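In what follows, a single structure is set out as structure tokens and then discussed.
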Amino acid sequence: MSVLRKDFLWGGAIAANQAEGAWNVDGKGASVSDHCTGGSHTVPKRVTVGIEPGTFYPSHEAIDFYGHFEGDIALFAEMGFKTFRTSINWTRIFPTGMEDEPNEAGLAFYDRLFSCCKEHGIEPLVTISHYELPYALVEKYNGWEGRELIDYFMNYCKAIFERYKDKVKYWLTFNEINAGTMPFGAVLSTGTIRGFEGSMANIPDKPAERFQALHHQFLASAKAVKYAHENYPQFKMGNMICFVTTYPLTCNPADVLENQEHMREMNWYCSDVQVRGEYPAYAQKIWKNHGITVKMEPGDAEILKEGTVDFYTFSYYSSNTISVDPSAAASDGNLIAGSKNPYLESSDWGWQIDPKGLHYSLNEIYDRYRIPLMVVENGLGARDVKEADGSVNDFYRIDYLRKHIEEMKKAVEDGVDLMGYTPWGCIDLVSASTGEMAKRYGFIYVDKYDDGTGDLSRSRKKSFYWYKKVIATNGEDLSDI
Ligand code: BGP
């Protein structure tokens with residue numbers, strides 16, 4: 001007997017901007033991602049104000065999921081997917097975010113995509129906003145710093161809810177909303193980068209803008225949830241948090257307290273607002289530490305209270321440690337770093353691999369909120385080698401996923417209500433942090449490379465067959481293939 005529920009939602013996850021390509025096709029407008037160049041682990045990607053001719057922008061073609069989705073969904077179905085997490089590119093529906101009427105060609109694309117999922121018995125799990133803010137909203141409002149974006153977001157939600165009400169039941173409002181608590185979130189998430197041009201490593205840190213933007217995102221999320229509950233009672237509305245568990249580096253109580261403070265700002269601040277419907281008491285301290293005030297209007301507290309989520313989802317890749325000792329060796333986690341954990345190995349991109357941390361995180365989150373949880377991203381970004389016979393023997397990926405699934409099952413045995421698991425990048429796609437194709441996560445290899453070459457053909461990796469067996473046995477048989 002499997003320890004997981006009979007209707008466990010096995011699947012995989014992608015995001016529109018990292019997979020679809022067709023960035024200016026069928027009326028689509030440019031999103032922030034479309035203004036990001038390629039980069040690597042050592043060379044940060046750049047943001048450009050205009051689109052530079054001759055510069056490589058990985059989202060412009062990506063893996064052309066736009067043109068290949070039918071074959072790709074068929075491959076997901078072959079693995080036995082019960083669910084498929086993807087996002088809607090806001091700029092396909094509202095090219096600048098500010099139009100009154102949606103773009104029919106964009107709506108029609110997702111109609112075809114979601115119908116295709118349904119035909120294969122796959123339940124779509126849709127992220128409404130996954131690092132795809134219309135660039136025009138950055139230019140006009142400095143992204144989510146502008147309160148006006150709440151209404152534009154609601155127009156977008158109303159259009160997609162009504163259009164897909166019979167095809168989509170599970171929705172997530174903002175991908176990794178807590179990215180806004182960190183400097184890099186200004187580019188990927190809050191869009192508070194008006195006029196900024198340059199390397200991701202040099203984004204001027206403006207916490208007042210980021211936290212103001214987050215307040216507007218909280219309101220937008222709560223309004224969307226409330227609207228869905230009132231008009232589409234069949235919908236299940238979730239949040240999505242980039243969950244990076246941190247541990248105190250030592251048992252020095254000063255490290256323990258420092259870690260508590262870090263966990264609050266990084267992981268709990270956004271979670272508490274979206275699940276409990278109010279700012280936590282420690283929010284004041286966070287604002288004070290940054291020397292900022294967040295502007296709120298009368299009625300905001302009620303909006304937050306009325307739009308709490310039905311289920312809690314999160315990404316989990318790695319953990320970090322926190323220390324008060326400035327000489328503690330730093331981890332090299334590209335966008336999110338801490339002190340190095342001597343007990344853990346790291347991926348080629350410096351992300352510390354910690355399956356037990358997933359078990360721990362699931363328990364912590366469930367103890368705090370007692371609503372169903374779902375792990376909607378997890379996986380190993382690695383450099384795959386395609387052998388002469390075309391095979392990709394990604395045993396390291398199988399090993400990573402197996403250990404995380406084992407720990408997930410232990411959390412379920414501890415009492416956690418876990419709905420499902422959608423490993424990240426179930427098909428190779430563009431990396432969000434670095435813009436690379438070389439950082440691959442997929443069960444399916446895509447012939448696409450960082451110089452823009454590749455015939456975009458798809459092939460099954462070893463992990464494809466392994467994951468198929470895992471799903472078929474509802475997570476019981478995790479043995480090698
Ligand atoms: C999360 C994002 C994804 C995704 C993933 C892996 O933060 O939600 O969009 O890309 O991380 O990160 P990366 O692509 O940088 O390896």
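Starting from 1 in every chain, residues are counted up; chains themselves are A, B, ... following the order of the structure tokens, and ligands are numbered from 1 as listed.
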Polymer residues at most 6 Å from Thr308 of chain A, only C-alpha atoms, same-chain spacing of 6 or more positions, as a PDB file with N, CA and C atoms, in the first residue's frame:
ATOM      1  N   GLN A 274      -0.530  35.259   3.023  1.00  0.00           N
ATOM      2  CA  GLN A 274      -1.429  34.588   2.083  1.00  0.00           C
ATOM      3  C   GLN A 274      -2.252  33.472   2.727  1.00  0.00           C
ATOM      4  N   VAL A 275      -1.752  32.881   3.795  1.00  0.00           N
ATOM      5  CA  VAL A 275      -2.511  31.800   4.426  1.00  0.00           C
ATOM      6  C   VAL A 275      -3.354  32.328   5.587  1.00  0.00           C
ATOM      7  N   GLY A 277      -4.013  35.631   6.146  1.00  0.00           N
ATOM      8  CA  GLY A 277      -4.783  36.810   5.761  1.00  0.00           C
ATOM      9  C   GLY A 277      -4.433  38.055   6.555  1.00  0.00           C
TER      10      GLY A 277
END
Test item: residues at most 12 Å from Arg112 of chain A, only C-alpha atoms, excluding those fewer than 6 positions along its chain, as a list in words:
Tyr66, Gly67, His68, Phe69, Glu70, Ile73, Ala105, Gly106, Lys118, Glu119, Arg163, Tyr164 and Lys167 of chain A
Would you kindly return, as JSON, numbers by chain, each protein, DNA or RNA residue with an atom no farther than 10 Å from any atom of Ser129 of chain A, considering only C-alpha atoms and excluding same-chain residues fewer than 3 positions away?
{"A": [15, 16, 87, 88, 89, 90, 126, 132, 133, 153, 157, 172, 173, 174, 175, 176, 177, 189]}
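Proximity ranking of A:Ile51, A:Ala432, A:Ala108, A:Ile398 relative to ligand 1 places A:Ala432 first, based on only C-alpha atoms and all ligand atoms.
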What parts of segment 135-178 of chain A does DSSP call strand (DSSP E)? I'd like the answer as a compact mmCIF listing (two decimals) with all heavy atoms, in the first residue's frame.
# COMPACT_ATOMS: atom_id res chain seq x y z
N TYR A 170 -7.22 24.09 -10.74
CA TYR A 170 -6.16 24.47 -9.79
C TYR A 170 -5.39 25.68 -10.30
O TYR A 170 -4.81 25.64 -11.40
CB TYR A 170 -5.18 23.31 -9.60
CG TYR A 170 -5.80 22.09 -8.95
CD1 TYR A 170 -6.12 20.97 -9.72
CD2 TYR A 170 -6.08 22.07 -7.59
CE1 TYR A 170 -6.70 19.85 -9.12
CE2 TYR A 170 -6.65 20.96 -7.00
CZ TYR A 170 -6.96 19.85 -7.76
OH TYR A 170 -7.53 18.76 -7.18
N TRP A 171 -5.35 26.73 -9.49
CA TRP A 171 -4.67 27.97 -9.87
C TRP A 171 -3.70 28.39 -8.76
O TRP A 171 -4.01 28.25 -7.57
CB TRP A 171 -5.68 29.11 -10.03
CG TRP A 171 -6.73 28.89 -11.06
CD1 TRP A 171 -7.94 28.26 -10.90
CD2 TRP A 171 -6.70 29.31 -12.44
NE1 TRP A 171 -8.66 28.26 -12.08
CE2 TRP A 171 -7.92 28.91 -13.04
CE3 TRP A 171 -5.76 29.99 -13.22
CZ2 TRP A 171 -8.22 29.17 -14.37
CZ3 TRP A 171 -6.08 30.25 -14.56
CH2 TRP A 171 -7.29 29.83 -15.12
N LEU A 172 -2.56 28.95 -9.17
CA LEU A 172 -1.61 29.55 -8.23
C LEU A 172 -1.49 31.01 -8.63
O LEU A 172 -1.32 31.31 -9.82
CB LEU A 172 -0.24 28.87 -8.33
CG LEU A 172 -0.24 27.34 -8.25
CD1 LEU A 172 1.19 26.79 -8.41
CD2 LEU A 172 -0.83 26.87 -6.93
N THR A 173 -1.58 31.92 -7.68
CA THR A 173 -1.61 33.34 -8.07
C THR A 173 -0.23 33.83 -8.55
O THR A 173 -0.07 34.17 -9.71
CB THR A 173 -2.17 34.22 -6.95
OG1 THR A 173 -1.47 33.97 -5.74
CG2 THR A 173 -3.66 33.96 -6.75
N PHE A 174 0.75 33.87 -7.67
CA PHE A 174 2.08 34.36 -8.07
C PHE A 174 3.13 33.30 -7.80
O PHE A 174 3.22 32.79 -6.68
CB PHE A 174 2.48 35.61 -7.25
CG PHE A 174 1.71 36.84 -7.63
CD1 PHE A 174 0.51 37.15 -7.00
CD2 PHE A 174 2.17 37.67 -8.64
CE1 PHE A 174 -0.22 38.28 -7.36
CE2 PHE A 174 1.45 38.80 -9.00
CZ PHE A 174 0.25 39.10 -8.36
DSSP helix (DSSP H, G or I) residues within segment 255-362 of chain A, listed as a ChimeraX atom specification
/A:255-276,283-290,300-306,355-362
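The neighbours of Phe464 of chain A here are the residues that come within 7 Å of it, using only C-alpha atoms and leaving out any residue fewer than 2 positions away in the same chain; they are Met79, Phe443, Ile444, Arg460, Lys461, Lys462, Trp466, Tyr467 and Lys468 of chain A.
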